[in-house]
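Novice: Attaching a single structure in structure tokens format; questions to follow.
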Number of protein chains: 2
Amino acid sequence: MDAAEFRKRGKEMVDYVADYLEKIDKRQVFPDVEPGYLRPLIADCAPQEPESFEDVFKDIEKIIMPGVTHWHSPYFFAYFPAASSFPALLADMLCGGIGCVGFSWGSASEATLISLLAARTKTIRRVQSEKPELTEAEIMGRLVAYASDQAHSSVERAALIGAVKIKNVPSDDTFSVCGSALKKVLDEDKAAGLIPFFFCATLGTTPCCSFDKLLELGPICNKENIWMHIDAAYAGSAFICPEFRHLLNGVEFADSFNFNPHKWLLVNFDCSAMWVKKRSDLIGAFKLEPLYLQHHHQESGLVTDYRHVRLSHQFEHLVLQDERFEICAEVVLGLVCFRLKEQSGEIEHSTTGFVTFDQTSSSSTSVLLSLMIQSKKLHLQGKTILQYEGSNELNEALLKSINEAKKIHLVPCHLREKFVLRFAICSRTVESAHINFAWQHISQLASDLLKTWEQNHHQQQ
Amino acid sequence: MDAAEFRKRGKEMVDYVADYLEKIDKRQVFPDVEPGYLRPLIADCAPQEPESFEDVFKDIEKIIMPGVTHWHSPYFFAYFPAASSFPALLADMLCGGIGCVGFSWGSASEATLISLLAARTKTIRRVQSEKPELTEAEIMGRLVAYASDQAHSSVERAALIGAVKIKNVPSDDTFSVCGSALKKVLDEDKAAGLIPFFFCATLGTTPCCSFDKLLELGPICNKENIWMHIDAAYAGSAFICPEFRHLLNGVEFADSFNFNPHKWLLVNFDCSAMWVKKRSDLIGAFKLEPLYLQHHHQESGLVTDYRHVRLSHQFEHLVLQDERFEICAEVVLGLVCFRLKEQSGEIEHSTTGFVTFDQTSSSSTSVLLSLMIQSKKLHLQGKTILQYEGSNELNEALLKSINEAKKIHLVPCHLREKFVLRFAICSRTVESAHINFAWQHISQLASDLLKTWEQNHHQQQ
């Protein structure tokens, strides 16, 4: 694509983006697809011949959009807003055009850090099982990472962040690290009681584009339980050329590998591709799953402006007018936490399998109890009088029905032991009418939910 | 700006970017400005009334471009390439338009991590000076970080990465952490021999947008040498409104503060603004300055395609044809390391201040020695015969003259003790003619450098 075609395609893209944002409320806010939907829709390998831009463009609606959660939809009330605006889009176009890399800490550096941290966790666990007499702090104090004296400064920084020692392995006359140099340092350090755990090999060093000798280094690392990370930030792109692929020999010994398509594959900064041999090593080192991230989303959201504090109070007011619901935390900015009210009372249960309620019971109480019995959280045997409370199951069912209807999108959170629905004002384009719609929709789904379960209950009786 | 204006302005921006990239070789590759040039050119505070887009647009050439290093210029040979292409620019426009946040680890999380790591370094140094009998590993094992039980999961992850303990401080009925709750946990932990070092206060928690009580927490943290970081990722934007500013009271006790303009200030993801009370705490924790980053640039570069391996060999060939120069590392991909050759021989120096050379001396030898005497690296007294070697000063002077001429841009590196010039093929648009131009330019500057110093020398004689 030359500049002339970019002028044409760029203007088409501006119109596409404008159309998308102008009509975003017509799209279903949350997608129907399941994780993995994309794999069968794209080719197994890169094409030998380029596709036409028209064909690539068609893939946007055919392949990409069916998988998109529309964060800028006025029906998106999940997480927190992630702003955007037309001037900000223009600024990003300019930034992309200038393409000036203003950072001193980039994407390959993060890959090195992440692999070092995963190796640290893995090694600490292994040593703890082998030598239970050592505390975690004692093990940490003995860990050593290694890299060539030609390695990028980010390796040393990764060790600083990870609070582990790092040592340079001397490179040879061609500025490459060979196996004997690594072995010498390892033998000395092991004799001194240290625990070697990580080696960062470099393919294409920053100073002079030298290549560490993977075929010699890999077997040593594997034998010594040392995580071998390969930093091929620059050179990695070259390995799509057969004539350079031999430089990659020995990659089979690596635990992780990283290269930057943004350096040599015509992708704008930043784009860093990391490969890990054993996924669980990485996931195990960092896994945390708060309720609001349980679908692997980030808690940032779309666009908002300051009207949005007023809109959240509008929603709060609607919730408070419906006595089935309660507000669960003070509404200060653009977030409303609410739920179907907690139910409490007494139930009498007979061996016939039917449940009768005291006069404080509401329709939602019966739903709640049905759900609790269904989900085996409440077992009733014989004729029993029970104190009960809690409506987490009910609110879980409400949230499920809201998100399955896909008219609006919300995520939950826990406040103490309560399962709570988070209504966050997100999109810059949310108006009062969207709030009213969202509330009517939620309210209707709540009624449907309560009614269905009541009917089921009466049918049983 | 509405969608209609975006269509107009977006198309103008497409043309601006196309013009910029088509004529980038006409711009001086490296800017004339000094750090800080921007400050007097922009307003001290945000305007009360918006500027017209025309005025904002004019600022691109007037204010931004004079400070830009043109990474995509065919005269940019520094660092490594940072790719970009017209299709990639189109893809970025689409991504910006969709604005879907696909991450589970975002910008405010990084701010928390960075502040925790800076606090860790600061505390370890302080404790080491107070109690020299403790090893770093022993101190690490006693460090504890704290955050509200309502804090974002990224705080816990930061502690995992930083390899320090973390404890939840119970929040009160309004889901806020108050001073007494923190004090209770601190007292228990200090009694158990632990070292509290970091507290992450949250303004606007993710689950329910609650606010920790800074006015109570801040003085406790300051008294106990605990770094207080404020995570105001979501709520921070609201403090531009006077009616919400009271929520920020107590910020004066904080060591660091972060908020995400991309959540509520109409800036596309991601944009996170971090403030640190004492810059040196942060810089001290991470400072590493390899030669190629000495201007705080990142080692990524611009666009390249595979022709570029051939172009680097073309440059290598030109260097090898000039006997004043040498190649310093094997040229495999798109990087050529070269320098003016090392000089060696004997000199005879007399008290008259003049230097005479043996017959192996070349013109560059005299330049080298003048430079070494000038820079006080070589002191000659009386009549002396000296063995000498090394031409780092000469190559430093050559690089300086290349980068001061601003026709092309290169960065250096060290290979062993040698100061070496790195010529990296970066721009997608580099052609054979640019390589020839660059080499002629370098060669001419080298001749000028050698000649100037020879003349100076002869004048002295």
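Ligands are numbered from 1 in the order shown, residues from 1 within each chain, and chains are lettered A, B, ... in the order they appear in the structure tokens.
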Mind checking which residues fall within 6 Å of region 57-70 of chain A, counting only C-alpha atoms, ignoring those fewer than 6 positions away in the same chain, and posting them as a list in words?

Specialist: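 In the requested form, the answer reads Val29, Phe30 and Pro31 of chain A.
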
Novice: Of the candidates A:Phe419, A:Trp439, A:Tyr146, A:Trp227, which one gets nearest to chain B if we count only C-alpha atoms?

Specialist: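 Once distances to chain B are computed over only C-alpha atoms, the minimum belongs to A:Phe419.
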
Novice: Which residue out of B:Phe244, B:Val251, B:Asp448, B:Gly236 has the minimum interatomic distance to Ala108 (chain B) when only C-alpha atoms are used?

Specialist: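 Closest to Ala108 (chain B), using only C-alpha atoms: B:Gly236.
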
Novice: Show me, as a ChimeraX atom specification, the residues that have an atom within 12 Å of Leu160 (chain B) when counting only C-alpha atoms, minus same-chain residues fewer than 6 positions from it.

Specialist: /A:114,117-118,120-121,161-163,284-288 /B:113,116-117,144-145,153-154,166-167

Novice: Quick one: write out the picked residues with N, CA, C and O atoms as a compact mmCIF listing (two decimals), in the first residue's frame?

Specialist:
```txt
# COMPACT_ATOMS: atom_id res chain seq x y z
N ILE A 114 8.50 -10.91 32.85
CA ILE A 114 7.47 -11.90 33.15
C ILE A 114 8.07 -13.30 33.21
O ILE A 114 7.76 -14.09 34.10
N LEU A 117 10.06 -13.69 36.41
CA LEU A 117 9.19 -13.84 37.59
C LEU A 117 8.57 -15.24 37.64
O LEU A 117 8.46 -15.85 38.71
N ALA A 118 8.17 -15.75 36.48
CA ALA A 118 7.60 -17.09 36.44
C ALA A 118 8.65 -18.12 36.86
O ALA A 118 8.37 -19.06 37.62
N ARG A 120 11.17 -17.54 38.79
CA ARG A 120 11.40 -17.35 40.22
C ARG A 120 10.38 -18.14 41.04
O ARG A 120 10.73 -18.90 41.96
N THR A 121 9.10 -17.98 40.68
CA THR A 121 8.04 -18.69 41.39
C THR A 121 8.23 -20.19 41.29
O THR A 121 8.15 -20.93 42.28
N ILE A 161 13.88 -5.65 39.65
CA ILE A 161 12.46 -5.66 40.02
C ILE A 161 12.12 -6.95 40.76
O ILE A 161 11.40 -6.94 41.75
N GLY A 162 12.65 -8.06 40.26
CA GLY A 162 12.37 -9.35 40.87
C GLY A 162 13.17 -9.60 42.14
O GLY A 162 12.99 -10.64 42.78
N ALA A 163 14.02 -8.66 42.52
CA ALA A 163 14.81 -8.75 43.75
C ALA A 163 15.67 -10.02 43.80
O ALA A 163 15.74 -10.69 44.82
N GLY A 284 0.41 -19.71 36.73
CA GLY A 284 0.55 -20.02 38.15
C GLY A 284 1.23 -18.93 38.93
O GLY A 284 0.98 -18.74 40.12
N ALA A 285 2.10 -18.16 38.25
CA ALA A 285 2.86 -17.14 38.96
C ALA A 285 2.04 -15.88 39.22
O ALA A 285 2.34 -15.11 40.11
N PHE A 286 0.98 -15.67 38.46
CA PHE A 286 0.28 -14.38 38.54
C PHE A 286 -1.22 -14.47 38.77
O PHE A 286 -1.89 -13.47 38.88
N LYS A 287 -1.76 -15.67 38.82
CA LYS A 287 -3.21 -15.80 38.77
C LYS A 287 -3.92 -15.18 39.97
O LYS A 287 -3.66 -15.52 41.11
N LEU A 288 -4.80 -14.27 39.68
CA LEU A 288 -5.66 -13.67 40.69
C LEU A 288 -6.99 -13.45 39.99
O LEU A 288 -7.02 -12.93 38.89
N LEU B 113 2.55 -1.10 40.90
CA LEU B 113 3.75 -1.94 40.94
C LEU B 113 5.01 -1.10 41.07
O LEU B 113 5.87 -1.37 41.92
N LEU B 116 5.33 0.37 44.51
CA LEU B 116 5.68 -0.66 45.49
C LEU B 116 7.16 -1.02 45.39
O LEU B 116 7.85 -1.17 46.40
N LEU B 117 7.67 -1.14 44.18
CA LEU B 117 9.07 -1.50 44.00
C LEU B 117 10.00 -0.38 44.49
O LEU B 117 11.03 -0.64 45.11
N VAL B 144 6.22 -6.00 54.62
CA VAL B 144 4.78 -6.20 54.41
C VAL B 144 4.17 -4.98 53.75
O VAL B 144 4.42 -3.84 54.17
N ALA B 145 3.37 -5.22 52.72
CA ALA B 145 2.57 -4.17 52.08
C ALA B 145 1.12 -4.32 52.55
O ALA B 145 0.71 -5.40 52.97
N SER B 153 -7.32 -5.96 42.52
CA SER B 153 -6.48 -7.15 42.59
C SER B 153 -5.05 -6.88 42.14
O SER B 153 -4.13 -7.62 42.47
N SER B 154 -4.85 -5.79 41.39
CA SER B 154 -3.50 -5.49 40.92
C SER B 154 -2.54 -5.16 42.06
O SER B 154 -1.33 -5.29 41.90
N ILE B 166 1.73 -9.35 51.53
CA ILE B 166 0.71 -8.30 51.49
C ILE B 166 -0.44 -8.71 52.39
O ILE B 166 -0.78 -9.89 52.50
N LYS B 167 -1.01 -7.71 53.10
CA LYS B 167 -2.15 -8.00 53.98
C LYS B 167 -3.29 -7.04 53.68
O LYS B 167 -3.08 -5.86 53.37
```

Novice: Of the candidates A:Leu194, A:Met228, A:Ala254, A:Leu21, which shows the shortest atom-to-atom distance to chain B, using only C-alpha atoms?

Specialist: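 Result for the nearest residue to chain B: A:Leu21.
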
Novice: Return the single residue from A:Thr135, A:Thr112, A:Ser129, A:Ser427 that is closest to Thr202 (chain A), with distances computed using only C-alpha atoms.

Specialist: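 Counting only C-alpha atoms, the residue closest to Thr202 (chain A) is A:Thr112.
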
Novice: Go through A:Thr123, A:Asn392, A:Ser237, A:Ser401 and flag the residue nearest chain B, using only C-alpha atoms for the distances.

Specialist: A:Ser237

Novice: According to DSSP computed on the backbone, where in region 84-150 of chain A is there alpha helix (DSSP H)? Give the residues as a VMD selection string.

Specialist: chain A and resid 86 to 98 107 to 130 136 to 142

Novice: Using CA of Arg7 (chain A) and CA of Asp92 (chain A) as the two end points, give the distance in Å to one decimal.

Specialist: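 Taking CA of Arg7 (chain A) and CA of Asp92 (chain A), their separation equals 16.5 Å.
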
Novice: With only C-alpha atoms as the basis for distance, which of B:Val331, B:Val164, B:Ala4, B:Ala119 is at the shortest distance from Ala137 (chain B)?

Specialist: B:Val164

Novice: Residues of region 8-191 of chain B in strand (DSSP E or B) according to DSSP, as a PyMOL selection string?

Specialist: chain B and resi 76+143-148+165-169

Novice: Tell me, in Å to one decimal, how far CA of Glu323 (chain A) is from CA of Ile442 (chain A).

Specialist: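 So the two atoms, CA of Glu323 (chain A) and CA of Ile442 (chain A), lie 13.9 Å apart.
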